[in-house]
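Following: one structure in structure tokens, then a few remarks.
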Amino acid sequence: MKILVCMKQVPQKDAPLKLNESGTWIREEVSYEINEPDAYALEEALRQKEKHGGEVAVITAGPARAQQVLREALAKGADRAIHLEDNAFVGLDALSTARALATAIKEEQFDLIFTGLQSDDYGFAQTGVILAELMGWPHATIIMQIEKSDSGIRVKRELEA
């Protein structure tokens with residue numbers, strides 16, 4: 001099984017954010033970490049690899065400092081990493097980010113793509129859904145369990161009822 005995990009670098013939750021004269025964040029003076037929901041997605045991808053074999057690749061889009069996310073993922077057991085490096089990725093909306101990811105992986109033959117539910121900074125909760133739509137793939141959110149079978153996969157979702 002070939003799995004891709006989309007990961008994002010976000011400001012640490014307790015990082016003080018300073019504003020400039022125009023009222024925007026000055027992010028260069030804060031510390032960064034892996035987006036927590038993306039870390040959960042990576043853990044599940046690595047569990048699936050352990051059960052069924054295959055490969056786990058990780059991808060991130062952002063400036064050079066975002067390599068930290070990829071290094072941590074590789075240290076945890078990911079097989080390879082893809083970095084879409086550009087400072088412009090910092091402020092992109094979900095659609096633009098999903099388009100960039102889809103373009104970067106269009107030649108790959110991934111069986112599954114895992115994303116965290118949402119990012120801790122912007123919280124769009126749309127990038128993964130839009131990515132699936134752009135690729136013409138089925139998708140599901142808030143997945144709590146994955147079972148692989150010969151005919152495909154079955155997922156258990158967390159719902160209110």
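Residue numbering restarts at 1 for every chain of the structure tokens, chains are lettered A, B, ... in their displayed order, and ligands are numbered from 1 as they appear.
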So that each row is one residue of range 102-159 of chain A with an atom at most 6 Å from range 4-11 of chain A, can you give its shortest atom pair and the distance in Å to one decimal, using only C-alpha atoms, rows by chain and rising number, as a tab-separated table?
```
residue	atom	partner	partner_atom	distance
A:Ile113	CA	A:Leu4	CA	4.7
A:Phe114	CA	A:Val5	CA	4.7
A:Thr115	CA	A:Cys6	CA	5.2
```
Skipping near chain neighbours, those fewer than 6 positions away, what residues fall within 12 Å of range 146-160 of chain A using only C-alpha atoms, listed as a PDB file with C-alpha atoms, in the first residue's frame?
```pdb
ATOM      1  CA  MET A   1       0.000   0.000   0.000  1.00  0.00           C
ATOM      2  CA  ALA A  41      -2.571  11.141  10.283  1.00  0.00           C
ATOM      3  CA  GLU A  44      -2.130   6.035  11.350  1.00  0.00           C
ATOM      4  CA  ALA A  45      -0.325   5.830   8.012  1.00  0.00           C
ATOM      5  CA  ARG A  47       0.350   1.752  11.500  1.00  0.00           C
ATOM      6  CA  GLN A  48      -1.176   0.784   8.147  1.00  0.00           C
ATOM      7  CA  LYS A  49       2.304   0.350   6.645  1.00  0.00           C
ATOM      8  CA  LYS A  51       0.165  -4.044   9.097  1.00  0.00           C
ATOM      9  CA  HIS A  52       0.107  -4.247   5.302  1.00  0.00           C
ATOM     10  CA  GLY A  53       3.542  -3.218   4.059  1.00  0.00           C
ATOM     11  CA  ASP A 111      -3.483   4.233  -2.835  1.00  0.00           C
ATOM     12  CA  LEU A 112      -4.498   6.494   0.039  1.00  0.00           C
ATOM     13  CA  PHE A 114      -4.192  11.008   4.743  1.00  0.00           C
ATOM     14  CA  LEU A 117      -8.826  17.188  10.084  1.00  0.00           C
ATOM     15  CA  PRO A 138     -13.766   9.431  -2.760  1.00  0.00           C
ATOM     16  CA  HIS A 139     -13.070  10.881   0.667  1.00  0.00           C
ATOM     17  CA  ALA A 140     -14.148  10.669   4.288  1.00  0.00           C
TER      18      ALA A 140
END
```
Q | Residue contacts of range 92-98 of chain A (12 Å, only C-alpha atoms) excluding same-chain residues fewer than 5 positions away, as a PyMOL selection string | A | chain A and resi 6-8+59-62+84+86-87+103-106+115+118-119+121-135
**Q.** Coordinates-based distance that separates CA of Ile34 in chain A from CA of Gln68 in chain A (Å, one decimal)
**A.**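 Distance between the two atoms: 8.4 Å.
Nearest to Gln67 in chain A of all the residues A:Ala81, A:Ala39, A:Val90, A:Leu101 is A:Ala81, based on only C-alpha atoms.
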Q.
Going by DSSP on the backbone, which residues of range 44-144 of chain A come out as strand (DSSP E or B)? List them as a list in words.
A.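 Residues of range 44-144 of chain A classed as strand (DSSP E or B): Glu55, Val56, Ala57, Val58, Ile59, Thr60, Ala61, Gly62, Arg80, Ala81, Ile82, His83, Leu84, Glu85, Leu112, Ile113, Phe114, Thr115, Ile143 and Met144 of chain A.
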Quick one: write out the picked residues with N, CA and C atoms as a CSV table (one decimal), in the first residue's frame?
```csv
chain,number,residue,atom,x,y,z
A,55,GLU,N,4.6,1.8,1.5
A,55,GLU,CA,5.4,3.0,1.6
A,55,GLU,C,4.6,4.1,2.2
A,56,VAL,N,5.2,4.9,3.0
A,56,VAL,CA,4.6,6.1,3.5
A,56,VAL,C,5.4,7.3,3.0
A,57,ALA,N,4.8,8.2,2.3
A,57,ALA,CA,5.5,9.4,1.8
A,57,ALA,C,4.8,10.6,2.5
A,58,VAL,N,5.5,11.7,2.8
A,58,VAL,CA,4.9,12.9,3.4
A,58,VAL,C,5.2,14.0,2.5
A,59,ILE,N,4.3,15.0,2.5
A,59,ILE,CA,4.4,16.2,1.7
A,59,ILE,C,4.0,17.4,2.5
A,60,THR,N,4.7,18.5,2.3
A,60,THR,CA,4.4,19.8,2.9
A,60,THR,C,4.7,20.9,1.9
A,61,ALA,N,4.0,22.0,2.0
A,61,ALA,CA,4.2,23.1,1.2
A,61,ALA,C,4.5,24.3,2.1
A,62,GLY,N,5.6,25.0,1.9
A,62,GLY,CA,5.9,26.1,2.7
A,62,GLY,C,7.4,26.5,2.5
A,80,ARG,N,9.8,8.6,2.5
A,80,ARG,CA,10.4,9.7,1.7
A,80,ARG,C,9.5,10.9,1.9
A,81,ALA,N,10.1,12.1,1.5
A,81,ALA,CA,9.4,13.3,1.7
A,81,ALA,C,9.4,14.2,0.4
A,82,ILE,N,8.4,15.0,0.3
A,82,ILE,CA,8.2,15.9,-0.8
A,82,ILE,C,8.0,17.3,-0.2
A,83,HIS,N,8.9,18.3,-0.7
A,83,HIS,CA,8.7,19.6,-0.1
A,83,HIS,C,8.4,20.6,-1.3
A,84,LEU,N,7.3,21.2,-1.3
A,84,LEU,CA,6.9,22.2,-2.2
A,84,LEU,C,7.4,23.5,-1.5
A,85,GLU,N,8.6,24.0,-1.9
A,85,GLU,CA,9.2,25.1,-1.2
A,85,GLU,C,9.0,26.4,-1.8
A,112,LEU,N,-3.8,5.7,-0.9
A,112,LEU,CA,-4.5,6.5,0.0
A,112,LEU,C,-3.8,7.8,0.3
A,113,ILE,N,-4.5,8.8,0.6
A,113,ILE,CA,-3.9,10.1,1.1
A,113,ILE,C,-4.6,10.4,2.4
A,114,PHE,N,-3.7,10.6,3.4
A,114,PHE,CA,-4.2,11.0,4.7
A,114,PHE,C,-3.9,12.5,5.0
A,115,THR,N,-4.9,13.2,5.6
A,115,THR,CA,-4.6,14.5,6.0
A,115,THR,C,-5.2,14.7,7.4
A,143,ILE,N,-12.1,10.2,10.5
A,143,ILE,CA,-12.0,8.7,10.5
A,143,ILE,C,-11.3,8.3,11.8
A,144,MET,N,-11.9,7.3,12.5
A,144,MET,CA,-11.4,6.8,13.7
A,144,MET,C,-10.7,5.4,13.6
```
Q. What's the 9 Å shell around Gly77 in chain A, counting only C-alpha atoms, without same-chain residues fewer than 4 positions away, as an NGL selection string?
A. :A and (46 or 56 or 72-73)
